[in-house]
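Quick look at model.txt (compact mmCIF, C-alpha atoms and all ligand atoms):
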# COMPACT_ATOMS: atom_id res chain seq x y z
CA MET I 91 16.54 -5.54 18.86
CA GLU I 92 14.73 -2.26 18.45
CA ILE I 93 12.48 -1.20 15.62
CA THR I 94 13.14 2.33 14.47
CA PRO I 95 11.37 4.36 11.79
CA THR I 96 13.14 4.44 8.44
CA LEU I 97 11.06 6.91 6.42
CA ASP I 98 11.41 10.69 6.40
CA ASP I 99 8.79 13.30 5.47
CA ASP I 100 9.54 13.05 1.74
CA GLN I 101 9.28 9.27 1.69
CA MET I 102 6.11 9.35 3.78
CA MET I 103 4.53 11.79 1.32
CA ARG I 104 5.51 9.54 -1.56
CA PHE I 105 3.80 6.61 0.16
CA VAL I 106 0.69 8.70 0.76
CA PHE I 107 0.59 9.42 -2.98
CA ASP I 108 1.47 5.97 -4.36
CA GLY I 109 0.05 3.73 -1.65
CA LEU I 110 3.06 1.44 -1.95
CA ILE I 111 6.77 1.10 -1.39
CA LYS I 112 8.95 -1.56 -2.96
CA PHE I 113 12.22 -3.11 -1.78
CA GLU I 114 13.86 -5.25 -4.43
CA SER I 115 16.14 -8.17 -3.42
CA LEU I 116 15.68 -7.29 0.24
CA ILE I 117 15.53 -10.78 1.72
CA PRO I 118 18.75 -12.78 1.34
CA GLU I 119 18.85 -15.62 -1.14
CA SER I 120 19.63 -18.18 1.56
CA PHE I 121 16.28 -17.38 3.18
CA ASN I 122 14.33 -17.08 -0.07
CA GLU I 123 15.33 -20.65 -0.82
CA THR I 124 13.71 -21.93 2.36
CA CYS I 125 10.40 -20.37 1.25
CA ARG I 126 10.29 -21.68 -2.29
CA GLU I 127 8.84 -25.11 -1.68
CA LEU I 128 6.07 -24.08 0.68
CA PRO I 129 2.55 -25.33 -0.04
CA GLY I 130 -0.06 -22.81 -1.14
CA GLY I 131 -2.70 -21.45 1.22
CA ARG I 132 -2.68 -20.32 4.82
CA LEU I 133 0.76 -20.24 6.43
CA THR I 134 0.67 -19.99 10.17
CA GLU I 135 3.19 -22.33 11.70
CA PHE I 136 5.94 -21.51 9.24
CA VAL I 137 5.68 -17.74 9.54
CA ASN I 138 5.59 -17.95 13.33
CA THR I 139 9.04 -19.48 13.46
CA GLU I 140 11.79 -17.23 14.78
CA ALA I 141 13.60 -17.60 11.48
CA PHE I 142 10.72 -16.20 9.41
CA ARG I 143 9.85 -13.52 11.91
CA ASN I 144 13.42 -12.23 12.03
CA ALA I 145 14.10 -12.58 8.33
CA VAL I 146 10.88 -10.99 7.07
CA PHE I 147 8.35 -9.60 9.58
CA LEU I 148 11.02 -7.90 11.71
CA HIS I 149 13.48 -7.17 8.93
CA PRO I 150 14.73 -3.67 9.89
CA GLU I 151 13.68 -2.20 6.54
CA VAL I 152 10.21 -3.77 6.51
CA ALA I 153 9.47 -3.21 10.17
CA GLY I 154 10.97 0.29 9.86
CA VAL I 155 8.37 1.17 7.23
CA ALA I 156 5.62 -0.36 9.37
CA ARG I 157 6.87 1.67 12.34
CA SER I 158 6.99 4.86 10.23
CA LEU I 159 3.49 4.46 8.80
CA LEU I 160 1.71 2.75 11.71
CA GLY I 161 3.35 4.24 14.79
CA GLU I 162 4.63 2.72 18.00
CA ASN I 163 3.54 -0.74 19.07
CA PHE I 164 2.19 -1.57 15.62
CA LEU I 165 0.89 -5.11 15.25
CA VAL I 166 3.25 -7.57 13.59
CA PRO I 167 1.66 -10.27 11.42
CA SER I 168 1.16 -13.67 12.99
CA ASN I 169 -0.10 -15.42 9.91
CA ALA I 170 0.22 -15.13 6.16
CA HIS I 171 -1.24 -16.51 2.96
CA HIS I 172 0.84 -18.15 0.27
CA HIS I 173 -0.54 -17.21 -3.16
CA LEU I 174 1.00 -20.00 -5.15
CA TYR I 175 0.47 -20.52 -8.87
CA GLU I 176 2.01 -23.41 -10.76
CA GLU I 177 -0.12 -23.85 -13.87
CA PRO I 178 -0.70 -21.27 -16.60
CA HIS I 179 -3.82 -19.16 -15.94
CA THR I 180 -5.51 -16.11 -17.39
CA GLY I 181 -4.97 -13.97 -14.30
CA GLN I 182 -7.33 -12.49 -11.74
CA THR I 183 -9.58 -9.50 -12.21
CA TRP I 184 -8.77 -6.12 -10.63
CA HIS I 185 -9.85 -5.96 -7.00
CA SER I 186 -8.91 -4.82 -3.54
CA ASP I 187 -8.98 -7.37 -0.76
CA GLY I 188 -11.74 -7.51 1.80
CA LEU I 189 -14.25 -4.86 2.58
CA THR I 190 -13.12 -3.76 5.98
CA GLU I 191 -11.74 -0.28 5.45
CA GLU I 192 -12.94 2.85 3.74
CA GLY I 193 -11.28 5.73 5.53
CA HIS I 194 -8.42 8.07 4.78
CA GLY I 195 -6.20 6.86 7.61
CA VAL I 196 -3.25 4.50 7.23
CA ASN I 197 -4.12 1.67 9.59
CA HIS I 198 -3.29 -1.45 7.66
CA LEU I 199 -0.33 -2.34 5.45
CA GLN I 200 -0.76 -5.25 3.11
CA CYS I 201 2.58 -6.74 2.06
CA PHE I 202 3.72 -9.05 -0.72
CA TYR I 203 6.95 -11.05 -0.44
CA TYR I 204 8.30 -12.89 -3.50
CA PRO I 205 10.82 -15.61 -2.59
CA GLN I 206 11.65 -16.18 -6.27
CA ALA I 207 12.15 -13.84 -9.19
CA VAL I 208 8.95 -13.00 -11.10
CA GLY I 209 9.18 -12.31 -14.84
CA PRO I 210 6.48 -10.97 -17.20
CA GLU I 211 5.28 -14.48 -18.08
CA ASP I 212 5.27 -15.80 -14.50
CA GLY I 213 1.94 -14.23 -13.48
CA PRO I 214 3.26 -11.10 -11.78
CA THR I 215 1.00 -9.28 -9.37
CA MET I 216 -0.27 -6.10 -11.02
CA VAL I 217 -0.81 -3.04 -8.85
CA LEU I 218 -2.20 0.40 -9.58
CA PRO I 219 -0.29 3.11 -7.68
CA GLY I 220 -2.61 5.74 -6.22
CA SER I 221 -5.71 3.55 -6.36
CA HIS I 222 -5.84 3.14 -2.57
CA TYR I 223 -8.12 6.18 -2.33
CA ARG I 224 -10.50 4.97 -5.02
CA ILE I 225 -12.64 2.81 -2.86
CA VAL I 226 -15.28 1.31 -5.06
CA ASP I 227 -17.49 -1.70 -5.28
CA ARG I 228 -15.17 -4.64 -5.81
CA GLU I 229 -17.25 -5.99 -8.66
CA ALA I 230 -17.37 -2.59 -10.34
CA ILE I 231 -13.68 -2.66 -11.26
CA ALA I 232 -13.45 -6.34 -12.12
CA HIS I 233 -14.10 -5.74 -15.81
CA TYR I 234 -11.18 -3.38 -16.34
CA GLY I 235 -8.43 -4.68 -18.58
CA ASN I 236 -5.14 -2.88 -18.75
CA ILE I 237 -5.18 0.40 -16.87
CA ARG I 238 -2.79 3.18 -17.75
CA GLY I 239 -0.22 3.43 -14.95
CA GLN I 240 -0.58 -0.19 -13.82
CA MET I 241 2.65 -1.64 -12.51
CA PRO I 242 3.52 -5.30 -12.98
CA LEU I 243 5.54 -6.51 -10.03
CA THR I 244 8.21 -8.18 -12.15
CA VAL I 245 10.81 -8.39 -9.45
CA PRO I 246 14.02 -10.11 -8.38
CA ALA I 247 13.85 -12.79 -5.70
CA GLY I 248 13.57 -11.47 -2.16
CA THR I 249 11.44 -8.45 -3.07
CA VAL I 250 8.95 -7.09 -0.53
CA VAL I 251 6.23 -4.65 -1.56
CA MET I 252 4.28 -2.87 1.17
CA THR I 253 0.93 -1.32 0.24
CA LYS I 254 -1.84 0.65 1.86
CA TYR I 255 -4.69 -1.79 2.23
CA GLY I 256 -7.25 -1.07 -0.44
CA LEU I 257 -4.75 -0.69 -3.29
CA TRP I 258 -6.15 -2.20 -6.49
CA HIS I 259 -4.26 -5.28 -7.58
CA LYS I 260 -4.61 -8.66 -9.22
CA ALA I 261 -2.52 -11.67 -10.14
CA GLY I 262 -1.46 -11.17 -13.75
CA ALA I 263 -1.72 -13.76 -16.50
CA LYS I 264 0.69 -16.67 -16.23
CA LEU I 265 2.00 -18.28 -19.39
CA ASN I 266 4.22 -21.04 -18.05
CA ASN I 267 4.48 -23.88 -15.55
CA ARG I 268 7.06 -22.22 -13.37
CA ARG I 269 6.15 -22.04 -9.71
CA ARG I 270 5.28 -18.48 -8.64
CA GLY I 271 4.79 -17.89 -4.93
CA MET I 272 3.83 -14.70 -3.14
CA ILE I 273 3.51 -14.58 0.62
CA LYS I 274 0.99 -11.99 1.75
CA PHE I 275 0.76 -10.59 5.27
CA SER I 276 -0.49 -7.50 7.11
CA TYR I 277 0.67 -5.03 9.76
CA PHE I 278 -1.82 -2.90 11.73
CA ARG I 279 -1.84 0.35 13.67
CA ALA I 280 -2.45 0.21 17.42
CA THR I 281 -1.87 3.84 18.46
CA PRO I 282 -3.24 7.14 17.13
CA PRO I 283 -1.08 8.76 14.47
CA LYS I 284 1.56 11.38 15.18
CA ARG I 285 4.57 12.57 13.24
CA ASP I 286 7.10 10.25 14.83
CA TRP I 287 8.99 9.04 11.78
CA ILE I 288 12.38 10.56 10.79
CA VAL I 289 12.03 14.33 10.95
CA SER I 290 14.62 17.03 10.52
CA SER I 291 12.58 19.84 12.06
CA GLU I 292 9.71 19.99 14.52
CA GLU I 293 7.58 22.06 12.20
CA ILE I 294 5.05 19.98 10.30
CA PRO I 295 5.50 20.56 6.58
CA ALA I 296 2.48 20.94 4.32
CA PHE I 297 1.91 18.04 1.94
CA VAL I 298 3.93 18.57 -1.24
CA ALA I 299 2.11 17.63 -4.46
CA GLN I 300 3.81 14.57 -5.91
CA GLY I 301 2.66 14.94 -9.49
CA ARG I 302 -0.14 13.19 -11.26
CA HIS I 303 -0.93 9.51 -11.73
CA SER I 304 -0.95 8.78 -15.43
CA TYR I 305 -4.60 7.66 -15.38
CA ALA I 306 -5.79 10.80 -13.60
CA THR I 307 -7.17 13.69 -15.61
CA GLU I 308 -6.24 17.17 -14.47
CA VAL I 309 -9.56 17.53 -12.67
CA GLU I 310 -9.33 14.14 -10.96
CA SER I 311 -5.80 14.92 -9.89
CA TYR I 312 -7.19 17.76 -7.70
CA ARG I 313 -9.25 15.15 -5.92
CA ASP I 314 -6.18 12.93 -5.52
CA LEU I 315 -4.27 15.86 -4.08
CA SER I 316 -6.94 16.75 -1.55
CA ARG I 317 -7.15 13.11 -0.45
CA CYS I 318 -3.36 13.03 -0.06
CA LYS I 319 -3.42 16.22 2.02
CA ARG I 320 -6.09 14.76 4.24
CA THR I 321 -4.15 11.54 4.81
CA TRP I 322 -0.93 13.49 5.39
CA ASN I 323 -2.55 15.71 8.01
CA TRP I 324 -4.12 12.69 9.65
CA LEU I 325 -0.74 10.91 9.81
CA CYS I 326 0.77 14.04 11.37
CA GLY I 327 -1.88 13.96 14.09
CA LEU I 328 -3.73 17.00 12.76
CA ASP I 329 -7.15 15.45 12.86
CA GLU I 330 -8.93 18.35 11.29
CA GLU I 331 -12.08 18.51 9.32
CA PRO I 332 -11.06 18.00 5.71
CA GLY I 333 -11.05 21.60 4.51
CA ASP I 334 -10.13 20.69 0.97
CA VAL I 335 -12.92 18.21 0.64
CA ALA I 336 -15.50 20.72 1.76
CA HIS I 337 -14.06 23.70 -0.05
CA GLY I 338 -12.34 22.33 -3.12
CA ALA I 339 -15.11 23.57 -5.39
CA LYS I 340 -14.34 27.15 -4.35
CA MET I 341 -11.59 27.13 -6.91
CA PHE I 342 -14.29 27.72 -9.49
CA VAL I 343 -17.32 29.18 -7.73
CA SER I 344 -17.84 31.37 -4.70
CA ALA I 345 -20.43 31.65 -1.96
CA VAL I 346 -21.09 33.64 1.21
CA PRO I 347 -22.44 32.57 4.62
CA VAL I 348 -26.26 32.50 4.75
CA LYS I 349 -26.38 35.16 7.49
CA GLN I 350 -24.41 37.51 5.27
CA ALA I 351 -26.75 36.83 2.37
CA LEU I 352 -29.83 37.64 4.50
CA LYS I 353 -28.34 40.99 5.47
CA ALA I 354 -27.59 41.99 1.89
O1 LIG I 401 -1.13 -13.77 -6.38
C1 LIG I 401 -1.19 -12.58 -6.65
O2 LIG I 401 -0.35 -12.01 -7.34
C2 LIG I 401 -2.33 -11.75 -6.10
C3 LIG I 401 -3.34 -12.61 -5.38
C4 LIG I 401 -4.46 -11.81 -4.83
O3 LIG I 401 -4.47 -10.62 -4.89
C5 LIG I 401 -5.60 -12.46 -4.15
O4 LIG I 401 -5.78 -13.69 -4.30
O5 LIG I 401 -6.35 -11.76 -3.45
FE FE I 402 -6.01 -9.71 -3.72

Please go through the file and, once you have read it, give me the structure as structure tokens.
Ligand SMILES: O=C(O)CCC(=O)C(=O)O
Ligand SMILES: [Fe+2]
Amino acid sequence: MEITPTLDDDQMMRFVFDGLIKFESLIPESFNETCRELPGGRLTEFVNTEAFRNAVFLHPEVAGVARSLLGENFLVPSNAHHHLYEEPHTGQTWHSDGLTEEGHGVNHLQCFYYPQAVGPEDGPTMVLPGSHYRIVDREAIAHYGNIRGQMPLTVPAGTVVMTKYGLWHKAGAKLNNRRRGMIKFSYFRATPPKRDWIVSSEEIPAFVAQGRHSYATEVESYRDLSRCKRTWNWLCGLDEEPGDVAHGAKMFVSAVPVKQALKA
């Protein structure tokens, strides 16, 4: 079995912009069923079985995305956490997990697998596309309620959502006693980035603006775009100084080098 990249330039750019990719009903029902009665909490033994590894971690679509975004010899998860809710609850507050990353690179994919369907009243995970670049104090976003552009992961059974670590998310409110499980696991990069996903020409294309997140004002969307360009260039192995970050303000003001000013 060989893992091959599955994303092309356009799909990679979309991931850079959204920070997530979703595959509905990806895992077959026969396998979903075997995951529905698992206890909550850390899953190590179960996910290290050949059956789980082949059905989920090395699923050609899932591993193909990991290969596209994380390069050759990416690290495959060897544990997982089962976020299981059975009772009604008010939901979590907005957060991103952990505090380990703050850069523009794509080094860590955090994935959510739902072995059963999740409806609006089942406590769906809420995610905010594009929030992976807004790295803020975890407590500072906890008070937000509904955010324009938030996406409830109301999904059919067998859905896998792969996100750039750092994406804002939370478990949504749950109104019933139906069991809702979500198995969370992570892939990591092990080699420096280069453009080795599906390409149709050797020439590296410039990042193509993907539009505007609905919560972003026009001004903030410039910042989103420059962050996307930086991540895109980084993924393509162009590890340049972030020109747009340093020079973005030149859209509105101008300046000359100090030596030139002294001569004037
Ligand atoms: O269960 C969920 O939908 C999300 C859980 C979560 O994000 C967490 O516990 O960190
Ligand atoms: Fe979380």

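Counting only C-alpha atoms and all ligand atoms and comparing I:Asp98, I:Glu176, I:Glu310, I:Glu92, the residue that lies closest to ligand LIG 401 (chain I) is I:Glu176.
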
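Near ligand LIG 401 (chain I), at distances of 8 Å or less and with all atoms listed in the file counted, sit the residues His173, Leu174, Tyr175, Gln182, His185, Ser186, Asp187, Gly213, Pro214, Thr215, Met216, His259, Lys260, Ala261, Gly262, Gly271 and Met272 of chain I.
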
Notebook entry, point to check: Using only C-alpha atoms, which residues sit within 12 Å of Leu148 (chain I) once same-chain residues fewer than 2 positions away are excluded, as a count of residues only?
Noted result: 29

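Picture a line from CA of Ala296 (chain I) to CA of Trp322 (chain I); it runs 8.3 Å.
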
Check: Residues at most 9 Å from region 244-246 of chain I, counting only C-alpha atoms, excluding those fewer than 6 positions away in the same chain, as a PyMOL selection string?
Finding: chain I and resi 114-115+204-210+212-216

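Each of I:Ile111, I:Leu128, I:Leu257, I:Ala299 was checked against ligand FE 402 (chain I) using only C-alpha atoms and all ligand atoms; the smallest atom-to-atom distance is that of I:Leu257.
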
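For the set I:Met102, I:Ala263, I:Val298, I:Ala247, the residue with the smallest atom-to-atom gap to Glu123 (chain I) is I:Ala247, counting all atoms listed in the file.
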
Checklist line | Coordinates-based distance that separates CA of Glu308 (chain I) from CA of Gly327 (chain I) (Å, one decimal) | finding: 29.1 Å

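By only C-alpha atoms, and with residues fewer than 2 positions from Tyr305 (chain I) along its chain excluded, the set lying at most 10 Å from it is Leu218, Pro219, Gly220, Ser221, Ile237, Arg238, Gly239, Gln240, Arg302, His303, Thr307, Glu308, Glu310 and Ser311 of chain I.
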